[in-house]
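Just upload_0.cif here, mmCIF, C-alpha atoms:
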data_coords
#
loop_
_atom_site.label_atom_id
_atom_site.label_comp_id
_atom_site.auth_asym_id
_atom_site.auth_seq_id
_atom_site.Cartn_x
_atom_site.Cartn_y
_atom_site.Cartn_z
CA MET A 842 11.46 -2.14 -48.17
CA GLU A 843 10.51 1.48 -47.76
CA LEU A 844 9.38 3.01 -51.04
CA THR A 845 10.31 6.53 -51.92
CA ARG A 846 7.59 8.87 -53.10
CA ARG A 847 9.32 9.10 -56.47
CA LEU A 848 9.22 5.32 -56.91
CA LEU A 849 5.54 5.17 -56.01
CA LEU A 850 4.60 7.92 -58.42
CA THR A 851 6.68 6.33 -61.15
CA ALA A 852 4.96 2.98 -60.63
CA LEU A 853 1.49 4.49 -60.61
CA GLY A 854 2.17 7.15 -63.20
CA ALA A 855 4.22 7.19 -66.35
CA GLY A 856 5.82 3.84 -65.60
CA THR A 857 2.55 1.97 -65.26
CA ALA A 858 2.11 0.99 -68.89
CA ALA A 859 5.64 -0.39 -69.10
CA ALA A 860 5.26 -2.24 -65.83
CA VAL A 861 2.01 -3.87 -66.90
CA THR A 862 2.69 -4.66 -70.54
CA GLY A 863 6.41 -5.33 -70.31
CA CYS A 864 6.11 -8.75 -68.70
CA GLY A 865 4.87 -12.04 -70.03
CA THR A 866 3.30 -12.89 -73.32
CA GLY A 867 -0.18 -13.69 -74.48
CA SER A 868 -3.05 -11.52 -75.57
CA SER A 869 -2.35 -8.45 -77.61
CA SER A 870 -4.73 -6.54 -75.37
CA GLY A 871 -3.98 -6.39 -71.65
CA GLY A 872 -6.70 -8.15 -69.71
CA SER A 873 -8.41 -9.76 -72.72
CA ALA A 874 -9.63 -13.19 -71.62
CA GLY A 875 -10.21 -14.98 -74.92
CA GLY A 876 -8.94 -18.51 -75.45
CA ALA A 877 -8.45 -21.47 -73.15
CA ALA A 878 -7.69 -21.13 -69.44
CA GLU A 879 -4.15 -22.44 -69.24
CA GLY A 880 -0.69 -21.49 -68.06
CA GLU A 881 1.04 -20.47 -64.84
CA ILE A 882 -0.42 -17.44 -63.04
CA SER A 883 0.09 -15.67 -59.72
CA LEU A 884 -2.33 -14.63 -56.99
CA LEU A 885 -1.60 -11.92 -54.41
CA THR A 886 -3.84 -12.10 -51.34
CA PRO A 887 -3.97 -10.33 -47.95
CA ILE A 888 -6.47 -12.88 -46.58
CA PHE A 889 -6.27 -16.64 -45.92
CA GLU A 890 -3.61 -15.87 -43.33
CA GLY A 891 -2.07 -18.46 -41.04
CA SER A 892 -1.72 -22.19 -41.53
CA ASP A 893 -5.49 -22.76 -41.50
CA GLY A 894 -6.06 -20.06 -44.11
CA LYS A 895 -3.26 -21.37 -46.31
CA LYS A 896 -4.65 -24.89 -46.11
CA LEU A 897 -8.15 -23.67 -46.96
CA LEU A 898 -6.99 -21.69 -49.98
CA GLU A 899 -4.40 -24.04 -51.44
CA GLN A 900 -6.03 -27.39 -50.72
CA GLU A 901 -9.75 -26.76 -50.72
CA ILE A 902 -10.48 -23.67 -52.80
CA LEU A 903 -7.65 -23.95 -55.31
CA GLY A 904 -8.05 -27.72 -55.23
CA GLY A 905 -11.54 -27.25 -56.64
CA PHE A 906 -10.21 -24.73 -59.15
CA ARG A 907 -7.59 -27.22 -60.38
CA GLU A 908 -10.27 -29.84 -60.94
CA LYS A 909 -12.17 -27.38 -63.13
CA HIS A 910 -9.08 -25.94 -64.83
CA PRO A 911 -6.36 -28.64 -64.81
CA ASP A 912 -4.14 -26.72 -67.23
CA VAL A 913 -3.75 -23.73 -64.90
CA LYS A 914 -1.13 -23.54 -62.16
CA VAL A 915 -1.61 -20.90 -59.46
CA ASN A 916 1.30 -19.55 -57.41
CA VAL A 917 0.12 -17.78 -54.26
CA ASP A 918 1.87 -14.80 -52.72
CA TYR A 919 0.61 -14.06 -49.19
CA THR A 920 0.80 -10.64 -47.60
CA THR A 921 -1.12 -8.51 -45.11
CA TYR A 922 -3.36 -5.52 -45.64
CA THR A 923 -0.71 -3.41 -43.93
CA GLN A 924 1.85 -4.38 -46.58
CA LEU A 925 -0.45 -4.89 -49.57
CA ASN A 926 -0.19 -1.41 -51.11
CA GLU A 927 3.61 -1.47 -50.90
CA LYS A 928 3.66 -4.99 -52.33
CA ILE A 929 1.59 -3.96 -55.37
CA THR A 930 3.64 -0.81 -55.90
CA THR A 931 6.90 -2.73 -55.72
CA ALA A 932 5.58 -5.29 -58.20
CA LEU A 933 4.58 -2.49 -60.58
CA ALA A 934 7.99 -0.87 -60.40
CA GLY A 935 9.67 -4.21 -61.10
CA GLY A 936 7.34 -5.24 -63.92
CA LEU A 937 6.12 -8.29 -61.97
CA LEU A 938 2.50 -7.45 -61.27
CA PRO A 939 0.50 -10.51 -60.14
CA ASP A 940 -2.15 -11.81 -62.53
CA VAL A 941 -4.91 -11.80 -59.90
CA LEU A 942 -5.08 -9.50 -56.89
CA MET A 943 -7.28 -9.39 -53.83
CA MET A 944 -7.59 -5.86 -52.46
CA GLY A 945 -9.77 -3.71 -50.26
CA VAL A 946 -12.86 -1.60 -50.73
CA GLY A 947 -11.80 1.84 -51.95
CA TRP A 948 -8.74 0.47 -53.74
CA ILE A 949 -10.31 -0.05 -57.19
CA PRO A 950 -10.41 3.61 -58.40
CA PRO A 951 -6.71 4.33 -57.65
CA PHE A 952 -5.47 1.31 -59.56
CA ALA A 953 -8.12 1.24 -62.30
CA ALA A 954 -7.48 4.90 -63.07
CA LYS A 955 -3.84 4.08 -63.82
CA LYS A 956 -4.75 1.12 -66.09
CA VAL A 957 -3.29 -1.36 -63.65
CA LEU A 958 -6.50 -3.43 -63.63
CA ALA A 959 -8.41 -5.04 -66.46
CA PRO A 960 -12.12 -4.29 -66.74
CA LEU A 961 -14.38 -7.31 -66.28
CA PRO A 962 -17.45 -8.18 -68.36
CA GLU A 963 -20.57 -6.60 -66.89
CA SER A 964 -22.24 -10.01 -67.13
CA LEU A 965 -20.14 -11.18 -64.18
CA ALA A 966 -21.98 -8.75 -61.91
CA THR A 967 -25.17 -10.77 -62.33
CA ARG A 968 -23.74 -14.28 -62.60
CA HIS A 969 -24.36 -14.69 -58.88
CA ASP A 970 -26.73 -12.80 -56.60
CA TYR A 971 -24.22 -10.30 -55.20
CA GLU A 972 -25.50 -7.79 -52.69
CA PRO A 973 -25.92 -4.50 -54.64
CA ARG A 974 -24.17 -2.48 -51.95
CA VAL A 975 -21.04 -4.61 -52.15
CA LEU A 976 -20.85 -4.32 -55.92
CA GLU A 977 -20.67 -0.52 -55.84
CA PRO A 978 -16.99 -0.35 -54.75
CA SER A 979 -16.14 -2.83 -57.52
CA ARG A 980 -16.72 -0.22 -60.22
CA TYR A 981 -14.81 2.75 -61.55
CA ASP A 982 -15.86 5.19 -64.27
CA GLY A 983 -18.91 3.11 -65.09
CA LYS A 984 -16.99 -0.14 -65.58
CA LEU A 985 -16.76 -3.29 -63.49
CA TYR A 986 -13.20 -4.03 -62.32
CA ALA A 987 -13.67 -6.43 -59.41
CA LEU A 988 -16.01 -8.88 -57.74
CA PRO A 989 -16.74 -8.98 -54.00
CA THR A 990 -15.77 -11.90 -51.82
CA VAL A 991 -16.13 -11.20 -48.09
CA MET A 992 -17.16 -8.06 -46.25
CA ALA A 993 -16.21 -6.47 -42.94
CA THR A 994 -18.79 -4.26 -41.27
CA ARG A 995 -18.58 -1.59 -38.58
CA LEU A 996 -21.41 -1.51 -36.08
CA VAL A 997 -22.01 -0.85 -32.39
CA ALA A 998 -22.20 -3.82 -30.02
CA TYR A 999 -23.48 -3.40 -26.49
CA ARG A 1000 -23.88 -5.28 -23.24
CA LYS A 1001 -27.54 -6.09 -22.69
CA ASP A 1002 -26.93 -6.58 -18.96
CA HIS A 1003 -25.45 -3.09 -18.64
CA PHE A 1004 -28.41 -1.61 -20.51
CA ALA A 1005 -30.88 -3.47 -18.31
CA ALA A 1006 -29.18 -2.40 -15.08
CA ALA A 1007 -29.36 1.24 -16.24
CA GLY A 1008 -33.00 0.92 -17.27
CA ILE A 1009 -32.20 1.48 -20.96
CA LYS A 1010 -34.72 -0.42 -23.08
CA LYS A 1011 -33.60 0.33 -26.64
CA PRO A 1012 -30.57 1.60 -28.60
CA PRO A 1013 -30.07 5.35 -29.18
CA ARG A 1014 -31.90 7.02 -32.06
CA ASP A 1015 -29.27 9.74 -32.57
CA TRP A 1016 -26.04 11.14 -31.16
CA SER A 1017 -27.83 13.13 -28.49
CA GLU A 1018 -29.27 9.94 -27.04
CA LEU A 1019 -25.98 8.10 -27.59
CA ARG A 1020 -24.06 10.70 -25.61
CA ALA A 1021 -26.62 10.68 -22.81
CA MET A 1022 -26.56 6.89 -22.62
CA ALA A 1023 -22.77 6.84 -22.64
CA LYS A 1024 -22.75 9.19 -19.64
CA GLN A 1025 -25.35 7.10 -17.86
CA LEU A 1026 -23.49 3.84 -18.48
CA THR A 1027 -20.08 5.16 -17.37
CA LYS A 1028 -19.44 3.75 -13.94
CA GLY A 1029 -16.15 3.30 -12.07
CA ASP A 1030 -13.56 1.99 -14.53
CA ARG A 1031 -16.26 1.12 -17.06
CA LEU A 1032 -16.58 3.36 -20.12
CA GLY A 1033 -20.03 4.09 -21.40
CA PHE A 1034 -18.81 3.91 -24.99
CA ASP A 1035 -15.60 2.73 -26.64
CA PRO A 1036 -15.56 3.99 -30.23
CA PHE A 1037 -11.78 3.85 -30.54
CA SER A 1038 -11.01 0.11 -30.53
CA ILE A 1039 -11.42 0.07 -34.29
CA ASP A 1040 -9.14 2.03 -36.60
CA LEU A 1041 -9.65 5.79 -36.10
CA ARG A 1042 -10.02 6.29 -39.86
CA GLN A 1043 -12.87 3.82 -40.09
CA CYS A 1044 -14.41 5.08 -36.86
CA TRP A 1045 -14.55 8.69 -38.04
CA GLU A 1046 -15.82 7.67 -41.47
CA THR A 1047 -18.71 5.76 -39.90
CA PHE A 1048 -19.66 8.82 -37.83
CA LEU A 1049 -19.27 11.06 -40.88
CA TYR A 1050 -21.71 8.94 -42.91
CA ALA A 1051 -24.12 8.66 -39.97
CA ASN A 1052 -24.13 12.45 -39.82
CA GLY A 1053 -25.23 12.63 -43.47
CA GLY A 1054 -21.77 13.57 -44.74
CA SER A 1055 -19.56 12.10 -47.43
CA LEU A 1056 -15.85 11.83 -48.17
CA PHE A 1057 -15.78 13.13 -51.74
CA SER A 1058 -17.99 14.40 -54.52
CA ALA A 1059 -19.65 11.80 -56.74
CA ASP A 1060 -16.90 12.11 -59.35
CA GLY A 1061 -14.15 11.81 -56.73
CA LYS A 1062 -12.57 15.13 -57.74
CA LYS A 1063 -13.57 17.29 -54.76
CA VAL A 1064 -13.25 16.93 -51.00
CA ALA A 1065 -16.60 16.89 -49.18
CA PHE A 1066 -15.66 15.93 -45.61
CA THR A 1067 -14.46 19.39 -44.52
CA ASP A 1068 -18.02 20.71 -44.17
CA GLY A 1069 -19.94 20.91 -40.90
CA ARG A 1070 -20.92 17.23 -41.04
CA GLY A 1071 -17.31 16.07 -40.92
CA VAL A 1072 -16.33 18.53 -38.19
CA GLU A 1073 -19.33 17.52 -36.07
CA ALA A 1074 -18.34 13.86 -36.37
CA LEU A 1075 -14.83 14.55 -35.08
CA GLN A 1076 -16.10 16.95 -32.42
CA PHE A 1077 -18.38 14.21 -31.09
CA PHE A 1078 -15.30 12.19 -30.14
CA LYS A 1079 -13.94 15.18 -28.25
CA ASP A 1080 -17.28 15.64 -26.48
CA LEU A 1081 -17.42 12.00 -25.41
CA SER A 1082 -13.88 12.24 -24.08
CA ALA A 1083 -14.68 15.46 -22.23
CA ASP A 1084 -17.65 13.73 -20.62
CA GLY A 1085 -15.37 10.94 -19.41
CA SER A 1086 -17.52 8.32 -21.14
CA ALA A 1087 -14.88 7.52 -23.80
CA ASP A 1088 -11.10 7.36 -23.56
CA TYR A 1089 -8.74 6.96 -26.50
CA ALA A 1090 -5.99 5.70 -24.19
CA LYS A 1091 -8.16 2.77 -23.05
CA LYS A 1092 -8.92 1.32 -26.47
CA THR A 1093 -8.41 -2.40 -27.00
CA ASP A 1094 -5.44 -3.46 -29.11
CA ALA A 1095 -7.34 -5.41 -31.75
CA ASP A 1096 -4.16 -6.80 -33.33
CA ALA A 1097 -3.04 -8.32 -30.04
CA GLY A 1098 -6.09 -10.59 -29.88
CA ALA A 1099 -6.84 -9.69 -26.25
CA PRO A 1100 -10.47 -9.72 -25.06
CA THR A 1101 -12.16 -6.44 -25.93
CA ASN A 1102 -13.42 -3.87 -23.45
CA LEU A 1103 -16.94 -5.11 -24.16
CA GLN A 1104 -16.00 -8.67 -23.24
CA THR A 1105 -14.24 -7.70 -20.02
CA GLY A 1106 -17.04 -5.36 -18.98
CA LYS A 1107 -14.84 -2.27 -19.26
CA ALA A 1108 -17.18 -0.75 -21.84
CA ALA A 1109 -20.96 -0.92 -22.14
CA MET A 1110 -20.95 -0.06 -25.87
CA MET A 1111 -18.19 -0.46 -28.44
CA MET A 1112 -17.59 0.16 -32.14
CA THR A 1113 -16.69 -3.20 -33.62
CA GLY A 1114 -17.39 -5.55 -36.52
CA SER A 1115 -18.89 -8.93 -37.28
CA GLY A 1116 -15.58 -10.60 -36.46
CA LEU A 1117 -16.26 -9.97 -32.76
CA TRP A 1118 -18.61 -12.97 -32.72
CA LYS A 1119 -15.78 -15.45 -33.27
CA GLN A 1120 -13.78 -13.75 -30.53
CA LEU A 1121 -16.76 -14.15 -28.22
CA GLN A 1122 -17.03 -17.83 -29.12
CA ASP A 1123 -13.33 -18.43 -28.50
CA GLN A 1124 -12.71 -16.26 -25.43
CA THR A 1125 -15.98 -15.48 -23.63
CA PRO A 1126 -18.64 -17.97 -24.79
CA GLU A 1127 -20.66 -17.33 -21.67
CA LEU A 1128 -21.64 -13.92 -23.09
CA ILE A 1129 -23.25 -15.73 -26.04
CA GLU A 1130 -24.80 -18.45 -23.90
CA LYS A 1131 -26.43 -15.85 -21.65
CA ASP A 1132 -27.46 -13.67 -24.64
CA LEU A 1133 -25.67 -10.61 -23.26
CA ILE A 1134 -24.48 -9.07 -26.55
CA GLY A 1135 -26.68 -6.89 -28.74
CA ALA A 1136 -25.94 -4.69 -31.74
CA PHE A 1137 -27.22 -1.56 -33.44
CA VAL A 1138 -26.33 0.56 -36.45
CA LEU A 1139 -24.84 3.97 -35.66
CA ARG A 1140 -27.20 6.77 -36.65
CA ASN A 1141 -27.68 10.51 -36.37
CA ARG A 1142 -29.08 12.14 -39.51
CA LYS A 1143 -29.15 8.67 -41.10
CA PRO A 1144 -28.14 5.11 -40.23
CA ALA A 1145 -24.65 4.15 -41.41
CA MET A 1146 -22.76 0.89 -41.31
CA LEU A 1147 -19.29 1.22 -42.81
CA THR A 1148 -18.70 -1.81 -44.99
CA GLY A 1149 -15.24 -2.77 -46.15
CA GLY A 1150 -13.99 -6.11 -47.28
CA THR A 1151 -11.99 -7.91 -49.93
CA LEU A 1152 -12.48 -7.71 -53.68
CA VAL A 1153 -10.86 -9.91 -56.31
CA THR A 1154 -9.65 -8.36 -59.54
CA GLN A 1155 -7.58 -9.15 -62.61
CA SER A 1156 -4.49 -7.17 -63.45
CA ALA A 1157 -3.97 -5.75 -66.93
CA ARG A 1158 -0.98 -8.02 -67.35
CA ARG A 1159 -0.89 -9.70 -70.76
CA ARG A 1160 0.19 -13.12 -69.60
CA HIS A 1161 -2.50 -15.86 -69.58
CA PRO A 1162 -5.52 -13.55 -69.21
CA ALA A 1163 -8.05 -16.36 -69.69
CA ALA A 1164 -6.57 -18.27 -66.76
CA ALA A 1165 -6.56 -15.11 -64.62
CA ARG A 1166 -10.19 -14.39 -65.48
CA ALA A 1167 -11.18 -17.95 -64.59
CA LEU A 1168 -9.54 -17.60 -61.16
CA VAL A 1169 -11.28 -14.26 -60.49
CA GLU A 1170 -14.64 -15.85 -61.24
CA TYR A 1171 -13.89 -18.91 -59.11
CA LEU A 1172 -12.79 -16.92 -56.05
CA ALA A 1173 -16.00 -14.85 -56.28
CA ALA A 1174 -18.31 -17.87 -56.55
CA PRO A 1175 -20.58 -19.00 -53.66
CA ASP A 1176 -18.52 -21.96 -52.40
CA SER A 1177 -15.28 -19.96 -52.32
CA ILE A 1178 -16.93 -16.96 -50.67
CA LEU A 1179 -18.62 -19.03 -47.97
CA ALA A 1180 -15.39 -20.88 -47.16
CA ALA A 1181 -13.47 -17.59 -46.85
CA ALA A 1182 -16.21 -16.02 -44.73
CA GLU A 1183 -16.26 -18.94 -42.31
CA GLN A 1184 -12.49 -18.94 -41.95
CA ARG A 1185 -12.33 -15.20 -41.23
CA ALA A 1186 -15.71 -14.78 -39.45
CA THR A 1187 -16.66 -12.17 -42.04
CA VAL A 1188 -19.79 -11.37 -44.03
CA PRO A 1189 -20.39 -13.20 -47.34
CA GLY A 1190 -21.29 -10.84 -50.17
CA LEU A 1191 -23.95 -13.02 -51.77
CA ARG A 1192 -27.67 -12.96 -51.04
CA GLU A 1193 -27.98 -16.68 -51.63
CA LEU A 1194 -25.73 -17.33 -48.63
CA ARG A 1195 -27.93 -15.49 -46.13
CA SER A 1196 -29.74 -18.64 -45.03
CA THR A 1197 -26.65 -20.81 -44.57
CA PRO A 1198 -25.96 -22.30 -41.11
CA TYR A 1199 -22.79 -20.20 -40.84
CA VAL A 1200 -24.70 -16.93 -41.18
CA LYS A 1201 -27.48 -17.97 -38.83
CA LYS A 1202 -25.02 -19.04 -36.13
CA ASN A 1203 -23.02 -15.81 -36.26
CA LYS A 1204 -25.47 -13.20 -35.01
CA LEU A 1205 -23.27 -10.23 -35.94
CA VAL A 1206 -22.85 -11.53 -39.50
CA ASP A 1207 -26.62 -12.07 -39.69
CA PHE A 1208 -27.21 -8.58 -38.26
CA SER A 1209 -24.86 -7.07 -40.83
CA LEU A 1210 -26.65 -8.73 -43.73
CA GLN A 1211 -30.02 -7.59 -42.42
CA ASN A 1212 -28.78 -3.99 -42.33
CA LEU A 1213 -26.96 -3.73 -45.66
CA GLY A 1214 -29.42 -1.01 -46.64
CA SER A 1215 -27.36 1.22 -44.32
CA ALA A 1216 -24.02 0.13 -45.80
CA CYS A 1217 -21.53 2.77 -46.92
CA ALA A 1218 -17.98 2.41 -48.19
CA GLU A 1219 -14.78 4.38 -47.94
CA GLY A 1220 -12.78 5.62 -50.91
CA GLY A 1221 -14.31 7.05 -54.05
CA THR A 1222 -11.33 8.86 -55.59
CA PRO A 1223 -8.24 7.74 -57.55
CA ALA A 1224 -6.18 9.52 -54.88
CA TRP A 1225 -7.55 7.34 -52.08
CA MET A 1226 -4.43 5.28 -51.43
CA GLU A 1227 -2.48 8.41 -50.54
CA ILE A 1228 -5.30 10.07 -48.61
CA ARG A 1229 -6.24 7.08 -46.47
CA GLU A 1230 -2.81 6.95 -44.84
CA LYS A 1231 -3.09 10.58 -43.73
CA ILE A 1232 -6.46 10.38 -41.99
CA LYS A 1233 -5.47 8.81 -38.67
CA PRO A 1234 -2.30 10.86 -37.99
CA THR A 1235 -4.10 14.10 -38.95
CA LEU A 1236 -7.20 13.52 -36.84
CA GLU A 1237 -5.53 11.92 -33.84
CA PRO A 1238 -4.21 15.22 -32.36
CA ALA A 1239 -7.79 16.49 -32.20
CA VAL A 1240 -8.93 13.37 -30.35
CA VAL A 1241 -6.11 13.10 -27.83
CA GLY A 1242 -4.84 16.68 -27.71
CA GLY A 1243 -5.94 20.26 -27.84
CA ARG A 1244 -6.28 20.70 -31.57
CA SER A 1245 -9.74 21.73 -32.71
CA ALA A 1246 -11.85 19.45 -34.86
CA LYS A 1247 -12.23 22.20 -37.45
CA SER A 1248 -8.47 22.76 -37.70
CA ALA A 1249 -7.70 19.05 -38.06
CA LEU A 1250 -10.33 18.58 -40.79
CA ALA A 1251 -9.07 21.67 -42.62
CA GLU A 1252 -5.54 20.25 -42.69
CA LEU A 1253 -6.79 16.86 -43.86
CA GLY A 1254 -8.79 18.63 -46.54
CA ARG A 1255 -5.70 20.45 -47.83
CA LEU A 1256 -3.72 17.20 -47.94
CA ALA A 1257 -6.53 15.45 -49.79
CA GLU A 1258 -6.99 18.26 -52.30
CA SER A 1259 -3.27 18.20 -53.01
CA ALA A 1260 -3.36 14.42 -53.56
CA ILE A 1261 -6.36 14.70 -55.90
CA ALA A 1262 -4.67 17.49 -57.87
CA ARG A 1263 -1.73 15.20 -58.59
CA MET A 1264 -3.89 12.49 -60.14
#
Rendering of file as structure tokens:
Amino acid sequence: MELTRRLLLTALGAGTAAAVTGCGTGSSSGGSAGGAAEGEISLLTPIFEGSDGKKLLEQEILGGFREKHPDVKVNVDYTTYTQLNEKITTALAGGLLPDVLMMGVGWIPPFAAKKVLAPLPESLATRHDYEPRVLEPSRYDGKLYALPTVMATRLVAYRKDHFAAAGIKKPPRDWSELRAMAKQLTKGDRLGFDPFSIDLRQCWETFLYANGGSLFSADGKKVAFTDGRGVEALQFFKDLSADGSADYAKKTDADAGAPTNLQTGKAAMMMTGSGLWKQLQDQTPELIEKDLIGAFVLRNRKPAMLTGGTLVTQSARRRHPAAARALVEYLAAPDSILAAAEQRATVPGLRELRSTPYVKKNKLVDFSLQNLGSACAEGGTPAWMEIREKIKPTLEPAVVGGRSAKSALAELGRLAESAIARM
């Protein structure tokens, strides 16, 4: 179903209160969690995909939840991150918002600002030893609205054998060294650096943060990425392409599940995430056995590791809030987080899980946890859901065509300012 702009604005604007409070019965205050955990509730999730994920969630994780809360029935609605925003918006317009939602980093301010989500007790932030960096995107306007489950990081992986053959002994300290190394490592049909096999939005954001820039002002009301730091980040892609050491047309199709350019030897360095380790185990285990894969955090003015992931939150729906709150807490507890992380080869958001066998066996997960001091997140404004969809199509002409980096960022800035003004 393709939503019209009018429908979306209605669901997230004037119609929000009716959509949230007009369904179900229970507490007189949306999101209040007093009373016993009982009743039939719904969960919307973009993770636990496939038959293995469904089995894990419904039999193991929710099986444990049922033992603890036998009077609660949970109906699961599966979706994908590609369809999640539309799914939530459609539910809002129809007055059928799920009781518990799992959503991405950056998504909390847009929905919390419109009273779609219920604030959580601050005490939940310290019930378990959550990594401080992963709690930051769970807040809006000083209040806690979500709890972290699993994280996805963006880092640079490299082929140790390619580095050794070129006489390179350590990762680059800044973009100048990165560009020089990329040139040096480019050989035949092998790219020195493949930054484009992750989403262009996330790729540019990582470079922006590494250049000391930011997306928005601290209050989320002003655009900050149109300054020199943002332009330099986009220009760096153009420079790499001009050197012949990067090529947007040769990026790996991550959704297709094919071996990456790093695995096939068609790139010496590549922007990727912790999930690459499972792909290495499944497709090219010899690269692990021979210890040929290393990793480093992108840096220029500062080190930056973009950190996304999945948060669990409670809607402001009035129906069975105590049951919904209990499920939020259960999905963000250590056993649930570790199970989800193992299934998805992602990073658990709890310090107490750092020493688990799963973390120690996945070197990119372990690396990510060791470098969370460099973590940075996307979003930061209630207008994020509209802005995020415009980043890739606006910046892409500068990467693959003749448009200047400054012109592309200026256009993106105008689109973002317009979106923020409508909030």
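Distance check against Val913 (chain A) using only C-alpha atoms: of A:Ala1109, A:Ala959, A:Ile1039, A:Ala1164, the minimum falls on A:Ala1164.
Distance-wise, CA of Arg1020 (chain A) and CA of Phe1037 (chain A) end up 14.9 Å apart.
Across A:Val1072, A:Ile1178, A:Leu884, A:Ala1163, the tightest approach to Leu988 (chain A) is made by A:Ile1178 when counting only C-alpha atoms.
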Quiz item: When distances are computed from all atoms listed in the file, which of A:Thr1027, A:Thr1151, A:Thr1067, A:Ser1245 shows the smallest separation from Ile949 (chain A)?
Solution: A:Thr1151
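Considering only C-alpha atoms, the residue among A:Ala1083, A:Leu938, A:Ala1249, A:Val997 positioned nearest to Pro1036 (chain A) is A:Val997.
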Self-check item: Which residue of A:Asp1030, A:Glu972, A:Glu1237, A:Asp1015 approaches Phe1078 (chain A) most closely, using all atoms listed in the file
Solution: A:Glu1237
Quiz item: So which one's closest to Ala1108 (chain A), A:Ala998, A:Cys1217, A:Ile1232, A:Ala1180? Using all atoms listed in the file, please.
Solution: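 Checking each of A:Ala998, A:Cys1217, A:Ile1232, A:Ala1180 against Ala1108 (chain A), counting all atoms listed in the file, the winner is A:Ala998.
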Practice problem: Using CA of Lys1143 (chain A) and CA of Gly1053 (chain A) as the two end points, give the distance in Å to one decimal. | Solution: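 CA of Gly1053 (chain A) lies at a distance of 6.1 Å from CA of Lys1143 (chain A).
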Exercise. Evaluate the PyMOL selection byres ((chain A and resi 1034) around 9) on the structure here and hand back the selected residues as a ChimeraX atom specification.
Key: /A:999,1019-1020,1022-1024,1026-1027,1031-1033,1035-1037,1081,1086-1088,1108-1112
Practice problem: Work out how far CA of Asn1203 (chain A) is from CA of Arg1014 (chain A), in Å to one decimal. | Solution: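 About the pair CA of Arg1014 (chain A) and CA of Asn1203 (chain A): they are 24.9 Å apart.
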Self-check item: Residues near Lys909 (chain A), cut-off 10 Å, all atoms listed in the file, skip fewer than 6 positions along chain, as an NGL selection string
Solution: :A and (878 or 903 or 1167 or 1171)
Self-check item: Output check: residues returned by the PyMOL selection byres ((chain A and resi 1182-1193) around 7), as a PyMOL selection string
Solution: chain A and resi 894+970-972+975+989-993+1115-1116+1119+1178-1181+1194-1195+1199+1206
Quiz item: Given the file above and the PyMOL selection byres ((chain A and resi 1002) around 10), which residues are selected, and can you give them as a ChimeraX atom specification?
Solution: /A:999-1001,1003-1009,1106,1109,1128,1131-1135
Quiz item: Near Asn916 (chain A), counting all atoms listed in the file, which residues have an atom at most 10 Å away, once you skip same-chain residues fewer than 4 positions from it, shown as a VMD selection string?
Solution: chain A and resid 881 to 885 899 939 to 940
Exercise. Using only C-alpha atoms, determine which residues lie at most 12 Å from Gln1211 (chain A), disregarding the query and same-chain residues fewer than 4 positions distant; provide the list as a list in words.
Key: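 Listing them by chain and then by number gives Glu972, Thr994, Ala1136, Phe1137, Val1138, Met1146, Val1188, Arg1192, Arg1195, Ser1196, Val1200, Lys1201, Lys1204, Leu1205, Val1206, Asp1207, Ser1215 and Ala1216 of chain A.
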Self-check item: Test item: which residues lie within 12 Å of (-1.9, -13.2, -57.7) counting only C-alpha atoms, as a PyMOL selection string
Solution: chain A and resi 881-887+914-920+925+928-929+932+937-944+1153-1156+1158+1164-1166+1168-1169+1172
Please produce an output containing C-alpha atoms for each residue in the selection, written as a short mmCIF file (atom, residue, chain, number, x, y, z; two decimals), in the frame of the given file.
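What ended up in again-v1.cif:
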data_model
loop_
_atom_site.label_atom_id
_atom_site.label_comp_id
_atom_site.auth_asym_id
_atom_site.auth_seq_id
_atom_site.Cartn_x
_atom_site.Cartn_y
_atom_site.Cartn_z
CA GLU A 881 1.04 -20.47 -64.84
CA ILE A 882 -0.42 -17.44 -63.04
CA SER A 883 0.09 -15.67 -59.72
CA LEU A 884 -2.33 -14.63 -56.99
CA LEU A 885 -1.60 -11.92 -54.41
CA THR A 886 -3.84 -12.10 -51.34
CA PRO A 887 -3.97 -10.33 -47.95
CA LYS A 914 -1.13 -23.54 -62.16
CA VAL A 915 -1.61 -20.90 -59.46
CA ASN A 916 1.30 -19.55 -57.41
CA VAL A 917 0.12 -17.78 -54.26
CA ASP A 918 1.87 -14.80 -52.72
CA TYR A 919 0.61 -14.06 -49.19
CA THR A 920 0.80 -10.64 -47.60
CA LEU A 925 -0.45 -4.89 -49.57
CA LYS A 928 3.66 -4.99 -52.33
CA ILE A 929 1.59 -3.96 -55.37
CA ALA A 932 5.58 -5.29 -58.20
CA LEU A 937 6.12 -8.29 -61.97
CA LEU A 938 2.50 -7.45 -61.27
CA PRO A 939 0.50 -10.51 -60.14
CA ASP A 940 -2.15 -11.81 -62.53
CA VAL A 941 -4.91 -11.80 -59.90
CA LEU A 942 -5.08 -9.50 -56.89
CA MET A 943 -7.28 -9.39 -53.83
CA MET A 944 -7.59 -5.86 -52.46
CA VAL A 1153 -10.86 -9.91 -56.31
CA THR A 1154 -9.65 -8.36 -59.54
CA GLN A 1155 -7.58 -9.15 -62.61
CA SER A 1156 -4.49 -7.17 -63.45
CA ARG A 1158 -0.98 -8.02 -67.35
CA ALA A 1164 -6.57 -18.27 -66.76
CA ALA A 1165 -6.56 -15.11 -64.62
CA ARG A 1166 -10.19 -14.39 -65.48
CA LEU A 1168 -9.54 -17.60 -61.16
CA VAL A 1169 -11.28 -14.26 -60.49
CA LEU A 1172 -12.79 -16.92 -56.05
#
